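Take a look at the structure below.
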Amino acid sequence: FERWAPLAKSYDPLKCGTIDGTITQVHDHAIVRAMNANYKPNKGVRGSARRTLFVGRLNYDTTSQVLKQVFSEYGEVENVALIRDVVTGYSRGYAFIEYRSSHSVKFAYHEANNIKIDGKNILVDYEHERRMKGWVPRRLGGGFGGKKEAGQLRFGCRDRPYKRPIRPIIKEKITKPD
């Protein structure tokens, strides 16, 4: 039997594709893509993964300066990386905030989640790319979150934790699809 936890400790695309983490059969093509992905974290990312937060659901008009001002309330901000579309230069609606201390990261993680910035409630979570074993980003069929309407929700994260399964979890060997 496997121990149940509401948050994923490592990234398993199949497990993250179900609300209670117990599914053993693939039910969506994005999960197949994520299982077959050979993703390696971006080595060009600078800074400390342990001192970096992911901030999502940003207003597309929110600037780096606004983010630095807001997140400075939780500690000394070392860097703000507002992610932009490489072609248009427009904001993608998410950013990474790096602090000088891990204490500030924990403080902001607990206090800043769901605050309103520029009219939108934001999501604050730890950075997963360099911290979570097996991480596969959303563009490759993995990631967390998603929209119900698209039918590709991902669970095991702060925003959508696993629900406790009704039946015990029996660990099975799951193989990648062909």
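Labels used: A, B, ... for chains in the order of the structure tokens, numbers from 1 for residues in each chain, and numbers from 1 for ligands as shown.
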A:Arg131 surroundings by only C-alpha atoms, 12 Å radius, close-in-sequence under 4 positions cut, as a PyMOL selection string: chain A and resi 8-11+41+48-54+125-127+135-136
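As for atom CA of A:Thr63 and atom CA of A:Glu98, they are spaced 15.6 Å apart.
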Would you write out, as CSV, a table of all residues in stretch 19-125 of chain A that have an atom no more than 12 Å from an atom of stretch 156-167 of chain A, listing for each the closest atom pair and the distance in Å to one decimal, considering only C-alpha atoms and ordering rows by chain and rising residue number?
residue,atom,partner,partner_atom,distance
A:Ile19,CA,A:Tyr162,CA,5.4
A:Asp20,CA,A:Lys163,CA,4.8
A:Gly21,CA,A:Tyr162,CA,6.5
A:Thr22,CA,A:Pro165,CA,7.3
A:Ile23,CA,A:Pro165,CA,10.4
A:Phe54,CA,A:Arg158,CA,11.4
A:Val55,CA,A:Asp159,CA,11.8
A:Gly56,CA,A:Asp159,CA,10.7
A:Arg57,CA,A:Asp159,CA,11.4
A:Tyr109,CA,A:Arg158,CA,10.3
A:His110,CA,A:Arg158,CA,10.9
A:Asn113,CA,A:Asp159,CA,9.7
A:Asn114,CA,A:Asp159,CA,9.9
A:Ile122,CA,A:Asp159,CA,10.7
A:Leu123,CA,A:Asp159,CA,7.5
A:Val124,CA,A:Arg158,CA,8.5
A:Asp125,CA,A:Arg158,CA,6.8
Residues from the last selection, C-alpha atoms, saved as a PDB file, in the first residue's frame:
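The resulting file, out.pdb, is shown below:
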ATOM      1  CA  ILE A  19      -8.419  13.479  -8.827  1.00  0.00           C
ATOM      2  CA  ASP A  20      -7.321  10.884  -6.256  1.00  0.00           C
ATOM      3  CA  GLY A  21      -4.075   9.701  -7.863  1.00  0.00           C
ATOM      4  CA  THR A  22      -5.228   6.081  -8.181  1.00  0.00           C
ATOM      5  CA  ILE A  23      -5.810   5.626 -11.921  1.00  0.00           C
ATOM      6  CA  PHE A  54       5.787  30.472  -9.199  1.00  0.00           C
ATOM      7  CA  VAL A  55       3.079  33.144  -9.480  1.00  0.00           C
ATOM      8  CA  GLY A  56       0.203  32.394 -11.847  1.00  0.00           C
ATOM      9  CA  ARG A  57      -3.156  33.796 -12.953  1.00  0.00           C
ATOM     10  CA  TYR A 109       3.920  31.055  -0.093  1.00  0.00           C
ATOM     11  CA  HIS A 110       1.606  31.077   2.923  1.00  0.00           C
ATOM     12  CA  ASN A 113      -1.660  32.972  -2.336  1.00  0.00           C
ATOM     13  CA  ASN A 114      -5.018  34.185  -3.664  1.00  0.00           C
ATOM     14  CA  ILE A 122      -3.275  35.061  -8.071  1.00  0.00           C
ATOM     15  CA  LEU A 123      -1.895  31.580  -7.435  1.00  0.00           C
ATOM     16  CA  VAL A 124       1.393  31.280  -5.537  1.00  0.00           C
ATOM     17  CA  ASP A 125       3.220  27.948  -5.475  1.00  0.00           C
TER      18      ASP A 125
END
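You will find atom CA of A:Gly141 at 20.2 Å from atom CA of A:Arg84.
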Shell of 7 Å around A:Gly17, only C-alpha atoms, local chain residues under 6 positions omitted, as a PyMOL selection string: chain A and resi 31+153-155
Just-selected residues, N, CA and C atoms written as a tab-separated table (two decimals), in the first residue's frame:
chain	number	residue	atom	x	y	z
A	31	ILE	N	-1.65	13.05	-21.36
A	31	ILE	CA	-0.93	12.23	-20.38
A	31	ILE	C	0.05	11.31	-21.11
A	153	LEU	N	-7.52	18.39	-16.60
A	153	LEU	CA	-7.13	18.86	-15.28
A	153	LEU	C	-5.96	18.04	-14.76
A	154	ARG	N	-5.11	18.67	-13.96
A	154	ARG	CA	-4.01	17.97	-13.31
A	154	ARG	C	-4.12	18.23	-11.81
A	155	PHE	N	-3.86	17.20	-11.04
A	155	PHE	CA	-4.05	17.25	-9.59
A	155	PHE	C	-2.73	16.99	-8.86
Picked from stretch 86-162 of chain A by DSSP as strand (DSSP E or B), as an MDAnalysis selection string: chainID A and resid 91:99 116:117 120:121 123:126 145 154
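The residue that comes closest to A:Ile117, out of A:Asn42, A:Ala37, A:Gly93, A:Phe144 and on the basis of only C-alpha atoms, is A:Gly93.
Taking atom CA of A:Ala34 and atom CA of A:Pro6 as endpoints, the distance between them is 21.0 Å.
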